[in-house]
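Chemist: Quick one, work.cif (mmCIF, C-alpha atoms):
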data_structure
#
loop_
_atom_site.label_atom_id
_atom_site.label_comp_id
_atom_site.auth_asym_id
_atom_site.auth_seq_id
_atom_site.Cartn_x
_atom_site.Cartn_y
_atom_site.Cartn_z
CA LEU U 1 18.35 -2.27 -56.41
CA GLN U 2 18.59 -5.89 -55.25
CA ALA U 3 21.95 -5.38 -53.53
CA ARG U 4 20.81 -2.15 -51.84
CA LEU U 5 17.57 -3.78 -50.69
CA LYS U 6 19.49 -6.74 -49.27
CA GLU U 7 21.76 -4.29 -47.43
CA ALA U 8 18.76 -2.36 -46.05
CA LEU U 9 17.07 -5.57 -44.88
CA GLU U 10 20.30 -6.66 -43.18
CA ARG U 11 20.61 -3.28 -41.38
CA PHE U 12 16.99 -3.44 -40.23
CA GLY U 13 17.46 -7.05 -39.12
CA ALA U 14 20.65 -6.23 -37.21
CA TRP U 15 18.89 -3.32 -35.47
CA LYS U 16 16.03 -5.64 -34.44
CA VAL U 17 18.49 -8.29 -33.18
CA SER U 18 20.42 -5.69 -31.15
CA LEU U 19 17.19 -4.72 -29.35
CA GLN U 20 15.75 -8.24 -29.16
CA ARG U 21 12.85 -7.27 -31.43
CA THR U 22 13.19 -10.01 -34.08
CA ARG U 23 9.88 -11.77 -33.39
CA LEU U 24 7.78 -8.66 -32.85
CA PRO U 25 5.30 -7.26 -35.39
CA VAL U 26 6.17 -4.23 -37.52
CA ILE U 27 3.96 -1.23 -38.19
CA ALA U 28 5.14 1.09 -40.95
CA VAL U 29 4.39 4.78 -40.42
CA HIS U 30 4.57 6.92 -43.56
CA PHE U 31 4.48 10.64 -42.87
CA ARG U 32 4.22 12.89 -45.94
CA ALA U 33 5.29 16.36 -44.81
CA GLY U 34 5.13 18.04 -48.21
CA ASP U 35 7.35 19.34 -50.96
CA LYS U 36 8.36 22.40 -48.91
CA PHE U 37 10.51 20.18 -46.68
CA LEU U 38 12.31 18.73 -49.70
CA GLY U 39 13.41 22.18 -50.79
CA ILE U 40 10.97 22.08 -53.70
CA ASN U 41 8.52 24.87 -54.38
CA SER U 42 6.32 23.17 -56.93
CA GLY U 43 3.56 25.75 -56.82
CA PHE U 44 1.08 22.97 -56.08
CA SER U 45 -1.17 22.70 -53.05
CA GLY U 46 1.09 19.81 -51.98
CA ASP U 47 3.90 22.08 -50.84
CA LEU U 48 2.91 21.70 -47.15
CA ASN U 49 0.82 19.00 -45.54
CA PRO U 50 -2.33 20.57 -44.04
CA LEU U 51 -1.88 18.36 -40.96
CA ILE U 52 1.54 19.90 -40.27
CA LYS U 53 0.31 23.40 -40.96
CA ASP U 54 -2.60 22.98 -38.52
CA LEU U 55 -0.53 21.35 -35.78
CA MET U 56 2.35 23.84 -36.12
CA SER U 57 -0.12 26.71 -35.69
CA LYS U 58 -1.13 25.09 -32.36
CA GLY U 59 2.46 24.36 -31.28
CA GLN U 60 1.92 20.59 -31.59
CA SER U 61 3.98 17.87 -33.27
CA ALA U 62 2.65 16.07 -36.33
CA VAL U 63 5.05 13.19 -35.61
CA GLU U 64 3.50 12.70 -32.17
CA GLU U 65 0.05 12.67 -33.78
CA MET U 66 1.22 9.98 -36.23
CA PHE U 67 2.41 7.85 -33.31
CA LYS U 68 -0.90 8.33 -31.49
CA CYS U 69 -2.55 6.78 -34.55
CA ALA U 70 0.11 4.06 -34.81
CA THR U 71 -0.19 3.02 -31.16
CA LEU U 72 -3.99 3.00 -31.42
CA LEU U 73 -3.73 0.72 -34.47
CA GLU U 74 -1.23 -1.44 -32.58
CA GLN U 75 -3.75 -1.89 -29.75
CA ARG U 76 -6.75 -2.50 -31.99
CA LEU U 77 -4.94 -5.13 -34.06
CA GLY U 78 -3.29 -6.77 -31.06
CA LEU U 79 0.20 -6.14 -32.43
CA ASN U 80 1.69 -5.87 -28.95
CA ASN U 81 5.01 -4.09 -28.54
CA ALA U 82 5.36 -3.54 -32.29
CA THR U 83 8.41 -2.09 -33.95
CA PHE U 84 7.63 1.11 -35.85
CA LEU U 85 9.29 1.61 -39.24
CA PHE U 86 9.07 5.39 -39.74
CA ILE U 87 9.37 6.78 -43.27
CA SER U 88 9.11 10.46 -44.13
CA ASP U 89 10.05 13.01 -46.75
CA ARG U 90 11.22 15.29 -43.92
CA ALA U 91 14.60 14.56 -42.29
CA GLN U 92 13.63 16.40 -39.08
CA SER U 93 10.52 14.23 -38.72
CA ARG U 94 12.69 11.12 -38.92
CA LYS U 95 14.83 12.45 -36.06
CA GLU U 96 11.73 13.31 -34.01
CA ALA U 97 10.35 9.81 -34.58
CA VAL U 98 13.48 8.07 -33.30
CA ALA U 99 13.59 10.44 -30.32
CA TRP U 100 9.96 9.47 -29.53
CA ASN U 101 11.10 5.94 -28.68
CA PRO U 102 14.60 4.91 -29.86
CA LYS U 103 14.08 1.26 -28.86
CA ARG U 104 10.90 0.87 -30.91
CA VAL U 105 11.35 3.22 -33.88
CA TYR U 106 13.56 2.43 -36.87
CA THR U 107 14.10 4.71 -39.82
CA THR U 108 16.22 4.13 -42.88
CA SER U 109 19.22 6.25 -43.78
CA ALA U 110 17.66 7.19 -47.12
CA SER U 111 17.64 10.87 -47.96
CA PRO U 112 14.13 12.23 -48.47
CA TYR U 113 13.46 12.56 -52.19
CA HIS U 114 10.47 13.35 -54.41
CA ALA U 115 10.76 11.19 -57.51
CA GLY U 116 8.18 13.15 -59.47
CA LEU U 117 9.50 16.67 -58.90
CA SER U 118 13.23 16.33 -58.30
CA SER U 119 15.76 16.14 -61.09
CA LEU U 120 18.66 13.74 -61.28
CA LYS U 121 22.06 14.77 -62.59
CA GLY U 122 23.81 12.26 -64.79
CA GLU U 123 23.14 8.59 -64.18
CA ASP U 124 22.73 8.74 -60.40
CA GLU U 125 19.86 6.41 -59.51
CA GLY U 126 20.61 6.51 -55.77
CA PRO U 127 17.66 8.70 -54.75
CA TYR U 128 15.19 6.62 -56.76
CA THR U 129 16.61 3.44 -55.27
CA SER U 130 16.24 4.87 -51.76
CA VAL U 131 12.56 5.59 -52.39
CA TRP U 132 12.02 2.05 -53.69
CA ILE U 133 13.81 0.56 -50.69
CA ASP U 134 11.66 2.54 -48.24
CA MET U 135 8.56 1.46 -50.17
CA LEU U 136 9.56 -2.21 -50.20
CA LEU U 137 10.41 -2.19 -46.49
CA ALA U 138 7.03 -0.61 -45.71
CA SER U 139 5.27 -3.26 -47.78
CA LEU U 140 6.73 -5.98 -45.50
CA ALA U 141 5.09 -4.51 -42.40
CA ASP U 142 2.13 -6.13 -40.66
CA ALA U 143 0.21 -2.83 -40.88
CA ILE U 144 0.77 0.70 -42.17
CA VAL U 145 -0.30 4.13 -40.93
CA VAL U 146 -0.25 6.93 -43.49
CA SER U 147 -0.66 10.67 -43.20
CA PRO U 148 -3.15 12.49 -45.37
CA SER U 149 -1.94 13.45 -48.81
CA THR U 150 -0.66 16.95 -49.33
CA PHE U 151 -2.79 17.25 -52.48
CA ARG U 152 -6.43 18.20 -52.22
CA GLY U 153 -8.85 15.53 -53.30
CA THR U 154 -6.54 12.57 -52.64
CA LYS U 155 -6.45 10.62 -49.42
CA SER U 156 -2.93 9.18 -49.60
CA SER U 157 0.33 9.86 -51.37
CA GLY U 158 1.44 7.62 -54.24
CA PHE U 159 4.15 6.20 -51.96
CA SER U 160 1.57 5.18 -49.34
CA LEU U 161 -0.74 3.64 -51.90
CA VAL U 162 2.00 1.51 -53.46
CA SER U 163 3.62 0.38 -50.20
CA SER U 164 0.30 -0.59 -48.63
CA GLU U 165 -0.72 -2.86 -51.51
#
Just dump the structure as structure tokens.

Modeler:
Amino acid sequence: LQARLKEALERFGAWKVSLQRTRLPVIAVHFRAGDKFLGINSGFSGDLNPLIKDLMSKGQSAVEEMFKCATLLEQRLGLNNATFLFISDRAQSRKEAVAWNPKRVYTTSASPYHAGLSSLKGEDEGPYTSVWIDMLLASLADAIVVSPSTFRGTKSSGFSLVSSE
């Protein structure tokens, strides 16, 4: 984990240097799309984020809505020209986020993975390590924006709760 985290920090640092963003604040944006986008049908209410379901029915983008919240937080906290670290369990959302503003949005190369519902084959700890790295990177941010949980009765996902502590 330590070597992979060091590698991830170096990649993020190199990206910031390449865009002259080294001294700018960072806002982590964690978007929980739901188990459906991980190819998991758990049978729980968490299979699809209600935010996505509602926005999709209106032809709107949940990623754009997350960035509306993130830029509002940026303004309110005075974190001018912040870098956005976008983390999601949906690969397509990560692509949409970078497309929103490639010079301000960074996302890791980690494959989306649900630690509680996915099964590992053999001794491969790679997916778990990727989740931990995303969580640790988010915890280094100056602020974090999280989507609502996909489970009724909870406000945030476990990932968001841990990384925001």

Chemist: Name the residues that the PyMOL selection byres ((chain U and resi 25) around 8) pulls out of this structure, and write them as a PyMOL selection string.

Modeler: chain U and resi 23-24+26-27+79-83+141-142

Chemist: Which neighbours of Lys16 (chain U) fall inside 12 Å, counting only C-alpha atoms, when residues of the same chain fewer than 2 positions from it are skipped, and could you give them as a PyMOL selection string?

Modeler: chain U and resi 9-14+18-26+82-85+102-107

Chemist: Kindly extract all protein, DNA and RNA residues lying within 12 Å of the coordinates (4.6, 12.3, -37.5) given in the file, considering only C-alpha atoms, and supply them as a ChimeraX atom specification.

Modeler: /U:28-33,49,51-52,55-56,60-70,84-100,105,145-148

Chemist: Using Å and a single decimal, report how far CA of Thr129 (chain U) sits from CA of Leu1 (chain U).

Modeler: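 Interatomic distance here is 6.1 Å.
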
Chemist: To one decimal place, how far is CA of Gly78 (chain U) from CA of Leu137 (chain U) in Å?

Modeler: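 Atom-to-atom, CA of Gly78 (chain U) and CA of Leu137 (chain U) are spaced 21.1 Å apart.
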
Chemist: Please measure the separation of CA of Asn101 (chain U) and CA of Ile144 (chain U), giving the value in Å to one decimal.

Modeler: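 Separating CA of Asn101 (chain U) from CA of Ile144 (chain U) is a distance of 17.8 Å.
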
Chemist: Restricting the calculation to all atoms listed in the file: of U:Thr108, U:Ala138, U:Ser130, U:Gly59, which residue gets closest to Trp15 (chain U)?

Modeler: U:Thr108
